[in-house]
file run23.csv (CSV, C-alpha atoms)
chain,number,residue,atom,x,y,z
U,89,MET,CA,114.0,99.9,109.8
U,90,ASN,CA,112.5,99.9,113.3
U,91,THR,CA,109.3,97.9,113.5
U,92,LEU,CA,108.3,100.0,116.5
U,93,HIS,CA,107.8,102.8,114.0
U,94,PHE,CA,105.2,100.6,112.3
U,95,LYS,CA,103.2,100.7,115.5
U,96,TYR,CA,103.4,104.5,115.6
U,97,ALA,CA,102.2,104.7,112.0
U,98,VAL,CA,99.2,102.4,112.7
U,99,GLU,CA,98.2,104.5,115.7
U,100,ILE,CA,98.3,107.7,113.6
U,101,GLU,CA,96.1,106.0,111.0
U,102,LYS,CA,93.7,104.9,113.8
U,103,THR,CA,93.4,108.3,115.4
U,104,ARG,CA,93.9,110.5,112.3
U,105,SER,CA,95.8,112.8,114.6
U,106,ILE,CA,99.5,112.9,115.4
U,107,THR,CA,98.7,114.8,118.7
U,108,GLN,CA,96.2,112.1,119.8
U,109,ALA,CA,98.4,109.3,118.6
U,110,ALA,CA,101.3,110.7,120.6
U,111,GLU,CA,99.1,110.9,123.7
U,112,ASN,CA,97.9,107.3,123.2
U,113,LEU,CA,101.5,106.1,122.8
U,114,TYR,CA,102.7,108.1,125.9
U,115,MET,CA,105.3,110.0,123.9
U,116,ALA,CA,106.0,113.6,122.9
U,117,GLN,CA,104.5,114.8,119.7
U,118,PRO,CA,107.8,116.0,118.2
U,119,ASN,CA,109.4,112.6,118.9
U,120,LEU,CA,106.5,110.9,117.1
U,121,SER,CA,106.7,113.2,114.1
U,122,LYS,CA,110.4,112.7,113.9
U,123,ALA,CA,110.0,108.9,114.0
U,124,ILE,CA,107.4,109.0,111.2
U,125,LYS,CA,109.7,111.2,109.1
U,126,GLU,CA,112.6,108.7,109.6
U,127,LEU,CA,110.3,105.9,108.6
U,128,GLU,CA,109.2,107.8,105.4
U,129,ASN,CA,112.8,108.5,104.6
U,130,SER,CA,113.8,104.9,105.0
U,131,LEU,CA,110.9,103.8,102.8
U,132,GLY,CA,111.2,106.6,100.2
U,133,ILE,CA,107.5,107.3,100.4
U,134,THR,CA,105.1,109.8,102.0
U,135,ILE,CA,102.8,107.8,104.4
U,136,PHE,CA,100.5,110.5,105.6
U,137,ARG,CA,99.1,113.8,104.4
U,138,ARG,CA,97.3,116.5,106.3
U,139,THR,CA,93.7,117.4,105.3
U,140,SER,CA,90.8,119.2,106.8
U,141,LYS,CA,89.6,115.8,108.1
U,142,GLY,CA,92.8,115.1,109.9
U,143,VAL,CA,96.0,113.1,109.0
U,144,ILE,CA,95.1,110.5,106.4
U,145,PRO,CA,97.3,107.9,104.5
U,146,THR,CA,98.4,108.5,101.0
U,147,ASP,CA,97.8,105.7,98.4
U,148,GLN,CA,101.3,104.4,99.0
U,149,GLY,CA,100.8,104.9,102.8
U,150,MET,CA,97.7,102.7,102.7
U,151,LYS,CA,99.6,99.8,101.0
U,152,PHE,CA,102.4,100.2,103.6
U,153,LEU,CA,100.0,100.3,106.5
U,154,ALA,CA,98.3,97.1,105.3
U,155,CYS,CA,101.7,95.3,105.3
U,156,ALA,CA,102.8,96.9,108.6
U,157,LYS,CA,99.6,95.6,110.4
U,158,GLN,CA,100.3,92.1,109.1
U,159,ILE,CA,103.9,92.3,110.4
U,160,LEU,CA,102.8,93.5,113.8
U,161,MET,CA,100.3,90.7,114.1
U,162,GLN,CA,102.9,88.2,113.1
U,163,ILE,CA,105.2,89.6,115.8
U,164,ASP,CA,102.4,89.2,118.3
U,165,SER,CA,101.9,85.7,117.1
U,166,MET,CA,105.5,84.9,117.6
U,167,GLU,CA,105.4,86.3,121.1
U,168,ALA,CA,102.5,84.1,121.8
U,169,ILE,CA,104.5,81.1,120.7
U,170,ALA,CA,107.2,82.1,123.1
U,171,SER,CA,104.8,82.0,126.0
U,172,PRO,CA,104.4,78.3,126.6
U,173,ASP,CA,102.3,78.8,129.8
U,174,LYS,CA,99.6,80.6,127.9
U,175,PRO,CA,96.6,78.3,127.3
U,176,ARG,CA,96.0,77.4,123.7
U,177,GLU,CA,92.9,78.9,122.0
U,178,ARG,CA,90.8,76.1,120.6
U,179,LYS,CA,87.5,77.9,120.3
U,180,MET,CA,86.8,81.0,118.3
U,181,ARG,CA,83.7,83.2,118.1
U,182,ILE,CA,83.7,85.9,115.4
U,183,SER,CA,80.9,88.2,114.3
U,184,VAL,CA,81.1,89.9,110.9
U,185,PRO,CA,79.2,91.6,108.1
U,186,ARG,CA,78.0,89.5,105.1
U,187,ALA,CA,81.0,89.9,102.8
U,188,GLY,CA,82.5,87.6,100.2
U,189,TYR,CA,86.1,88.3,101.1
U,190,ILE,CA,85.5,87.5,104.8
U,191,SER,CA,83.8,84.2,104.2
U,192,LYS,CA,86.6,83.3,101.7
U,193,ALA,CA,89.3,84.1,104.3
U,194,LEU,CA,87.6,82.0,106.9
U,195,SER,CA,87.3,79.0,104.5
U,196,GLU,CA,91.0,79.3,103.5
U,197,PHE,CA,92.0,79.6,107.1
U,198,ILE,CA,90.2,76.5,108.1
U,199,ALA,CA,91.4,74.6,105.0
U,200,ALA,CA,95.0,75.4,106.0
U,201,SER,CA,94.6,74.4,109.6
U,202,ASP,CA,96.1,71.1,111.0
U,203,ALA,CA,93.5,68.4,110.7
U,204,SER,CA,94.8,66.9,114.0
U,205,ASP,CA,93.9,70.0,116.0
U,206,ASP,CA,90.7,70.5,117.9
U,207,MET,CA,88.6,73.3,116.5
U,208,GLU,CA,85.3,75.0,117.2
U,209,VAL,CA,84.5,78.1,115.2
U,210,TYR,CA,81.3,80.1,115.6
U,211,PHE,CA,80.9,82.3,112.5
U,212,CYS,CA,78.1,84.8,112.8
U,213,GLU,CA,77.1,87.0,109.9
U,214,THR,CA,75.1,90.0,111.1
U,215,ASN,CA,74.8,93.8,111.3
U,216,SER,CA,77.3,96.1,113.0
U,217,LEU,CA,75.3,96.8,116.1
U,218,ARG,CA,74.7,93.1,116.8
U,219,THR,CA,78.4,92.5,116.3
U,220,ILE,CA,79.3,95.2,118.8
U,221,GLU,CA,76.8,93.5,121.2
U,222,ASN,CA,78.4,90.1,120.5
U,223,VAL,CA,81.9,91.3,121.2
U,224,ARG,CA,80.9,93.4,124.2
U,225,ASP,CA,78.4,91.0,126.0
U,226,ASN,CA,78.2,87.6,124.3
U,227,GLY,CA,81.8,86.3,124.5
U,228,TYR,CA,82.9,86.7,120.9
U,229,ASN,CA,86.7,86.9,120.4
U,230,PHE,CA,86.5,89.8,117.9
U,231,GLY,CA,84.3,91.2,115.3
U,232,ILE,CA,84.2,93.2,112.1
U,233,ILE,CA,81.8,96.1,111.7
U,234,ARG,CA,80.9,97.9,108.5
U,235,PHE,CA,79.7,101.5,108.1
U,236,ASN,CA,79.6,104.4,105.7
U,237,ALA,CA,82.5,106.8,106.4
U,238,ALA,CA,80.0,109.7,106.9
U,239,TYR,CA,78.9,108.0,110.1
U,240,GLU,CA,82.4,107.1,111.5
U,241,LYS,CA,82.2,109.5,114.5
U,242,TYR,CA,79.0,107.9,115.7
U,243,PHE,CA,80.5,104.4,115.6
U,244,MET,CA,83.8,105.5,117.2
U,245,ASP,CA,81.9,107.2,120.0
U,246,PHE,CA,79.7,104.1,120.4
U,247,LEU,CA,82.8,101.8,120.6
U,248,ALA,CA,84.4,104.0,123.2
U,249,GLU,CA,81.2,103.9,125.2
U,250,LYS,CA,81.3,100.1,125.0
U,251,ASN,CA,85.0,100.0,126.0
U,252,LEU,CA,86.0,98.4,122.7
U,253,ASP,CA,89.2,99.0,120.6
U,254,SER,CA,89.2,99.1,116.9
U,255,GLN,CA,91.6,98.8,113.9
U,256,LEU,CA,90.8,99.7,110.3
U,257,LEU,CA,90.7,96.6,108.1
U,258,TRP,CA,89.6,98.1,104.8
U,259,GLU,CA,88.4,101.4,103.4
U,260,TYR,CA,86.8,101.0,100.0
U,261,GLU,CA,84.2,102.3,97.5
U,262,ALA,CA,81.2,100.1,97.2
U,263,LEU,CA,80.8,98.4,93.8
U,264,ALA,CA,77.6,97.3,92.0
U,265,VAL,CA,77.5,93.5,92.0
U,266,MET,CA,75.3,91.9,89.4
U,267,SER,CA,74.8,88.8,87.2
U,268,LYS,CA,76.8,88.7,84.0
U,269,GLU,CA,73.4,88.7,82.3
U,270,HIS,CA,72.4,92.0,83.8
U,271,PRO,CA,71.5,94.6,81.1
U,272,ALA,CA,74.0,97.1,82.6
U,273,ALA,CA,76.8,94.6,83.0
U,274,GLU,CA,78.8,96.1,80.1
U,275,SER,CA,77.6,99.7,80.5
U,276,GLU,CA,80.0,102.5,81.1
U,277,ASP,CA,79.9,105.2,83.9
U,278,ILE,CA,77.3,103.4,86.0
U,279,THR,CA,75.7,105.5,88.8
U,280,TYR,CA,73.6,104.3,91.7
U,281,GLY,CA,70.8,106.7,90.7
U,282,GLU,CA,70.5,105.1,87.2
U,283,LEU,CA,70.6,101.5,88.5
U,284,SER,CA,68.1,102.1,91.3
U,285,ALA,CA,65.7,103.9,88.9
U,286,HIS,CA,65.6,101.0,86.5
U,287,TYR,CA,66.5,97.8,88.3
U,288,ALA,CA,65.6,96.0,91.6
U,289,GLU,CA,68.1,96.6,94.4
U,290,LEU,CA,69.1,93.8,96.8
U,291,ALA,CA,69.7,95.4,100.2
U,292,GLN,CA,70.7,93.9,103.6
U,293,GLY,CA,68.3,96.3,105.4
U,294,ASP,CA,70.1,96.2,108.7
U,295,ASP,CA,72.7,98.9,108.4
U,296,ALA,CA,71.7,100.8,111.6
U,297,VAL,CA,73.8,103.7,112.8
U,298,PRO,CA,74.1,104.4,116.6
U,299,TYR,CA,72.1,107.5,117.6
U,300,VAL,CA,70.9,108.1,114.0
U,301,PRO,CA,67.8,106.1,113.1
U,302,GLY,CA,67.3,105.4,109.4
U,303,ALA,CA,70.6,107.1,108.5
U,304,VAL,CA,71.8,104.6,105.8
U,305,GLU,CA,68.4,104.4,104.1
U,306,LYS,CA,68.2,108.2,103.9
U,307,LEU,CA,71.8,108.3,102.4
U,308,PHE,CA,70.8,106.0,99.5
U,309,ASP,CA,67.4,107.7,99.0
U,310,ARG,CA,69.3,111.0,98.6
U,311,ASN,CA,71.1,109.4,95.7
U,312,ARG,CA,68.0,108.3,93.9
U,313,PRO,CA,66.3,110.5,91.2
U,314,ALA,CA,63.4,112.4,92.7
U,315,GLY,CA,60.0,110.7,92.2
U,316,THR,CA,61.6,107.3,91.4
U,317,LYS,CA,59.6,104.3,92.7
U,318,VAL,CA,61.6,102.2,95.2
U,319,ARG,CA,62.3,98.7,94.0
U,320,ARG,CA,64.3,97.2,96.9
U,321,VAL,CA,64.4,93.7,98.2
U,322,TYR,CA,65.7,93.2,101.7
U,323,MET,CA,67.5,89.9,102.2
U,324,PHE,CA,69.5,88.9,105.3
U,325,ASP,CA,71.2,85.7,104.1
U,326,ARG,CA,74.3,86.1,101.8
U,327,GLY,CA,73.7,82.7,100.1
U,328,SER,CA,70.1,83.6,99.3
U,329,ALA,CA,71.3,87.0,98.1
U,330,LEU,CA,73.7,85.4,95.6
U,331,ASP,CA,71.0,83.0,94.4
U,332,PHE,CA,68.7,86.0,93.9
U,333,LEU,CA,71.2,87.9,91.8
U,334,LEU,CA,71.4,84.9,89.5
U,335,THR,CA,67.7,84.1,89.4
U,336,VAL,CA,66.7,87.7,88.8
U,337,PRO,CA,69.4,89.0,86.5
U,338,GLN,CA,67.8,92.5,86.4
U,339,SER,CA,68.8,93.0,90.1
U,340,PHE,CA,72.0,94.4,91.7
U,341,MET,CA,73.5,95.0,95.1
U,342,LEU,CA,76.1,97.3,96.5
U,343,ASP,CA,79.0,95.5,98.2
U,344,SER,CA,82.7,95.6,99.0
U,345,PRO,CA,84.9,94.3,96.2
U,346,VAL,CA,84.5,90.5,95.8
U,347,PRO,CA,87.4,88.2,95.1
U,348,ASP,CA,87.4,87.2,91.4
U,349,SER,CA,87.3,83.5,92.3
U,350,LEU,CA,83.9,84.0,93.9
U,351,CYS,CA,82.6,86.1,91.1
U,352,GLY,CA,83.6,83.4,88.6
U,353,LYS,CA,82.0,80.7,90.8
U,354,TYR,CA,78.6,82.6,90.9
U,355,GLY,CA,78.7,84.2,87.5
U,356,LEU,CA,78.8,87.7,88.8
U,357,VAL,CA,80.5,91.0,87.6
U,358,GLN,CA,81.3,94.0,89.7
U,359,ARG,CA,81.4,97.5,88.4
U,360,LYS,CA,82.3,101.0,89.7
U,361,CYS,CA,79.1,102.7,90.9
U,362,THR,CA,79.2,106.5,91.4
U,363,PHE,CA,77.2,108.1,94.1
U,364,ALA,CA,77.7,110.7,96.8
U,365,ASP,CA,79.5,109.5,100.0
U,366,ASN,CA,80.6,106.3,98.4
U,367,SER,CA,83.2,105.5,101.1
U,368,PHE,CA,82.8,102.6,103.5
U,369,ARG,CA,85.0,101.1,106.2
U,370,ASP,CA,85.3,97.6,107.6
U,371,VAL,CA,86.8,97.8,111.1
U,372,LEU,CA,88.1,95.1,113.4
U,373,ILE,CA,86.8,95.4,117.0
U,374,TYR,CA,87.8,93.7,120.2
U,375,ALA,CA,87.8,94.3,124.0
U,376,ALA,CA,89.9,97.3,125.0
U,377,GLY,CA,93.4,96.3,125.9
U,378,ARG,CA,93.0,92.7,124.7
U,379,LYS,CA,95.7,91.1,122.5
U,380,LEU,CA,94.5,88.6,119.9
U,381,ALA,CA,95.7,85.0,120.4
U,382,GLY,CA,97.8,83.1,117.8
U,383,SER,CA,94.9,81.5,116.0
U,384,GLU,CA,93.0,84.8,115.9
U,385,LEU,CA,96.0,86.6,114.5
U,386,ALA,CA,96.3,83.9,111.8
U,387,LEU,CA,92.7,84.5,110.8
U,388,VAL,CA,93.2,88.2,110.7
U,389,ASN,CA,96.3,87.9,108.6
U,390,LYS,CA,94.3,85.7,106.2
U,391,LEU,CA,91.6,88.5,106.1
U,392,TYR,CA,94.2,91.0,105.0
U,393,GLU,CA,95.6,88.6,102.4
U,394,VAL,CA,92.2,87.9,100.8
U,395,ARG,CA,91.3,91.6,101.1
U,396,ASN,CA,94.4,92.5,99.1
U,397,GLU,CA,93.3,90.1,96.4
U,398,ALA,CA,90.3,92.3,95.8
U,399,ALA,CA,91.6,95.7,97.0
U,400,PHE,CA,94.5,96.1,94.5
U,401,LYS,CA,92.6,95.2,91.4
U,402,GLU,CA,91.5,97.9,89.0
U,403,TYR,CA,87.7,98.2,88.5
U,404,ILE,CA,85.9,99.8,85.7
call {"tool": "encode", "arguments": {"input": "run23.csv", "output": "structure tokens"}}
result
Amino acid sequence: MNTLHFKYAVEIEKTRSITQAAENLYMAQPNLSKAIKELENSLGITIFRRTSKGVIPTDQGMKFLACAKQILMQIDSMEAIASPDKPRERKMRISVPRAGYISKALSEFIAASDASDDMEVYFCETNSLRTIENVRDNGYNFGIIRFNAAYEKYFMDFLAEKNLDSQLLWEYEALAVMSKEHPAAESEDITYGELSAHYAELAQGDDAVPYVPGAVEKLFDRNRPAGTKVRRVYMFDRGSALDFLLTVPQSFMLDSPVPDSLCGKYGLVQRKCTFADNSFRDVLIYAAGRKLAGSELALVNKLYEVRNEAAFKEYI
């Protein structure tokens, strides 16, 4: 199995186009298609399927690509070790959305680090536009942005304008997160419309989309029953949000899947929540052409590891 083919597959996932991926990789499209076919044959799975929205991974393909990205990052890390003249990174600035799996990954990364090493980590939880600004202008090593898949083109165009590269970290359906004491905690077939009509919604309130003012708010309002009064609390601190969910058990929030260990710690449950356009993406961003350093790669690998803890669980 040729690990170079892993890079090809990751580029196709990123561009959603074999033609564009081939151009980015400076190779002929037939050669790229042949390489992917050889990779699929060696694995015994189909990695991609063609749709009206482009070339997208199958379910098995998504699992393979997650592993492939980790392997490629580990290879980069080993190459960094083999470059003794390269200065060691001792400071890290990262900008991310407020998400349980991300904060857990950072905590585990720091807990596993050598206590004798120098370390300064600046961890900024904020919205996607501020993260882009932090990585582009404020000296942050890398960031993670979060957006609804319906607005992907706007974000990709904005990243290109800012000369930033990106890599998909996670594509998921948002879950309804609530206290175990919530009246709907054991209900079946939960919908966002029903929850928002009867219970207070805890929202971040800073999900701006480039070029489209009020886009996310309009998206959720379209999924609310007509004439329903809005009962929404905007809270910008994740710790305060968790306290709010416990103190006001009739409230809920939409979030990426949360690791079970955190749900147990805070007495929360998470349930599938049906609504139109329930598809979100967390995307890693960094300066165009930049390779992540060894410590940065280690943290990104931990992000994938903790993400998998939540991603591969069945939710009801």
call {"tool": "residues_around", "arguments": {"input": "run23.csv", "residues": "U:Ala296", "least_positions_apart": "5", "cutoff": "8 Å", "atoms": "only C-alpha atoms", "output": "list in words"}}
result
Asn215, Ser216, Leu217, Pro301, Gly302, Ala303 and Val304 of chain U
call {"tool": "atom_distance", "arguments": {"input": "run23.csv", "atom1": "atom CA of U:Ala364", "atom2": "atom CA of U:Glu259"}}
result
15.6 Å
call {"tool": "residues_around", "arguments": {"input": "run23.csv", "residues": "U:Ala109", "least_positions_apart": "4", "cutoff": "10 Å", "atoms": "all atoms listed in the file", "output": "PDB file with C-alpha atoms, in the frame of the given file"}}
result
ATOM      1  CA  TYR U  96     103.400 104.500 115.600  1.00  0.00           C
ATOM      2  CA  ALA U  97     102.200 104.700 112.000  1.00  0.00           C
ATOM      3  CA  VAL U  98      99.200 102.400 112.700  1.00  0.00           C
ATOM      4  CA  GLU U  99      98.200 104.500 115.700  1.00  0.00           C
ATOM      5  CA  ILE U 100      98.300 107.700 113.600  1.00  0.00           C
ATOM      6  CA  GLU U 101      96.100 106.000 111.000  1.00  0.00           C
ATOM      7  CA  LYS U 102      93.700 104.900 113.800  1.00  0.00           C
ATOM      8  CA  THR U 103      93.400 108.300 115.400  1.00  0.00           C
ATOM      9  CA  ARG U 104      93.900 110.500 112.300  1.00  0.00           C
ATOM     10  CA  SER U 105      95.800 112.800 114.600  1.00  0.00           C
ATOM     11  CA  LEU U 113     101.500 106.100 122.800  1.00  0.00           C
ATOM     12  CA  TYR U 114     102.700 108.100 125.900  1.00  0.00           C
ATOM     13  CA  MET U 115     105.300 110.000 123.900  1.00  0.00           C
ATOM     14  CA  ALA U 116     106.000 113.600 122.900  1.00  0.00           C
ATOM     15  CA  GLN U 117     104.500 114.800 119.700  1.00  0.00           C
ATOM     16  CA  LEU U 120     106.500 110.900 117.100  1.00  0.00           C
TER      17      LEU U 120
END
call {"tool": "residues_around", "arguments": {"input": "run23.csv", "residues": "U:Asp365", "least_positions_apart": "5", "cutoff": "9 Å", "atoms": "all atoms listed in the file", "output": "PyMOL selection string"}}
result
chain U and resi 236-238+261+307
call {"tool": "residues_around", "arguments": {"input": "run23.csv", "residues": "U:Pro337", "least_positions_apart": "4", "cutoff": "10 Å", "atoms": "all atoms listed in the file", "output": "PyMOL selection string"}}
result
chain U and resi 266-271+273+287-288+332-333+356
call {"tool": "write_last_selection", "arguments": {"input": "run23.csv", "atoms": "C-alpha atoms", "output": "mmCIF file, keeping the file's coordinate frame"}}
result
data_model
loop_
_atom_site.group_PDB
_atom_site.id
_atom_site.type_symbol
_atom_site.label_atom_id
_atom_site.label_comp_id
_atom_site.auth_asym_id
_atom_site.auth_seq_id
_atom_site.Cartn_x
_atom_site.Cartn_y
_atom_site.Cartn_z
ATOM 1 C CA MET U 266 75.300 91.900 89.400
ATOM 2 C CA SER U 267 74.800 88.800 87.200
ATOM 3 C CA LYS U 268 76.800 88.700 84.000
ATOM 4 C CA GLU U 269 73.400 88.700 82.300
ATOM 5 C CA HIS U 270 72.400 92.000 83.800
ATOM 6 C CA PRO U 271 71.500 94.600 81.100
ATOM 7 C CA ALA U 273 76.800 94.600 83.000
ATOM 8 C CA TYR U 287 66.500 97.800 88.300
ATOM 9 C CA ALA U 288 65.600 96.000 91.600
ATOM 10 C CA PHE U 332 68.700 86.000 93.900
ATOM 11 C CA LEU U 333 71.200 87.900 91.800
ATOM 12 C CA LEU U 356 78.800 87.700 88.800
#
call {"tool": "build_atoms", "arguments": {"input": "run23.csv", "residues": "stretch 128-151 of chain U", "atoms": "N, CA and C atoms", "output": "short mmCIF file (atom, residue, chain, number, x, y, z; two decimals), in the coordinates of the input"}}
result
data_model
loop_
_atom_site.label_atom_id
_atom_site.label_comp_id
_atom_site.auth_asym_id
_atom_site.auth_seq_id
_atom_site.Cartn_x
_atom_site.Cartn_y
_atom_site.Cartn_z
N GLU U 128 109.46 107.37 106.82
CA GLU U 128 109.20 107.80 105.40
C GLU U 128 110.48 107.87 104.64
N ASN U 129 111.51 108.42 105.25
CA ASN U 129 112.80 108.50 104.60
C ASN U 129 113.39 107.17 104.24
N SER U 130 113.27 106.25 105.18
CA SER U 130 113.80 104.90 105.00
C SER U 130 113.07 104.16 103.88
N LEU U 131 111.76 104.43 103.77
CA LEU U 131 110.90 103.80 102.80
C LEU U 131 110.97 104.50 101.42
N GLY U 132 111.26 105.78 101.47
CA GLY U 132 111.20 106.60 100.20
C GLY U 132 109.84 106.94 99.77
N ILE U 133 108.89 106.98 100.71
CA ILE U 133 107.50 107.30 100.40
C ILE U 133 106.96 108.32 101.40
N THR U 134 105.85 108.95 101.07
CA THR U 134 105.10 109.80 102.00
C THR U 134 103.93 108.92 102.52
N ILE U 135 103.87 108.67 103.81
CA ILE U 135 102.80 107.80 104.40
C ILE U 135 101.55 108.56 104.65
N PHE U 136 101.68 109.78 105.18
CA PHE U 136 100.50 110.50 105.60
C PHE U 136 100.49 111.92 104.93
N ARG U 137 99.28 112.44 104.80
CA ARG U 137 99.10 113.80 104.40
C ARG U 137 98.06 114.49 105.27
N ARG U 138 98.21 115.78 105.48
CA ARG U 138 97.30 116.50 106.30
C ARG U 138 96.13 117.03 105.49
N THR U 139 94.91 116.87 106.01
CA THR U 139 93.70 117.40 105.30
C THR U 139 92.81 118.03 106.36
N SER U 140 91.72 118.59 105.88
CA SER U 140 90.80 119.20 106.80
C SER U 140 90.10 118.20 107.70
N LYS U 141 90.16 116.91 107.30
CA LYS U 141 89.60 115.80 108.10
C LYS U 141 90.59 115.14 108.99
N GLY U 142 91.79 115.68 109.04
CA GLY U 142 92.80 115.10 109.90
C GLY U 142 93.96 114.52 109.04
N VAL U 143 94.82 113.75 109.68
CA VAL U 143 96.00 113.10 109.00
C VAL U 143 95.50 111.81 108.41
N ILE U 144 95.60 111.68 107.09
CA ILE U 144 95.10 110.50 106.40
C ILE U 144 96.26 109.88 105.57
N PRO U 145 96.23 108.56 105.33
CA PRO U 145 97.30 107.90 104.50
C PRO U 145 97.20 108.31 103.06
N THR U 146 98.35 108.39 102.41
CA THR U 146 98.40 108.50 101.00
C THR U 146 98.11 107.11 100.37
N ASP U 147 98.03 107.02 99.04
CA ASP U 147 97.80 105.70 98.40
C ASP U 147 98.94 104.75 98.76
N GLN U 148 100.19 105.24 98.67
CA GLN U 148 101.30 104.40 99.00
C GLN U 148 101.30 104.08 100.53
N GLY U 149 100.86 105.07 101.31
CA GLY U 149 100.80 104.90 102.80
C GLY U 149 99.77 103.77 103.11
N MET U 150 98.64 103.70 102.40
CA MET U 150 97.70 102.70 102.70
C MET U 150 98.25 101.28 102.43
N LYS U 151 99.01 101.14 101.34
CA LYS U 151 99.60 99.80 101.00
C LYS U 151 100.66 99.48 102.11
#
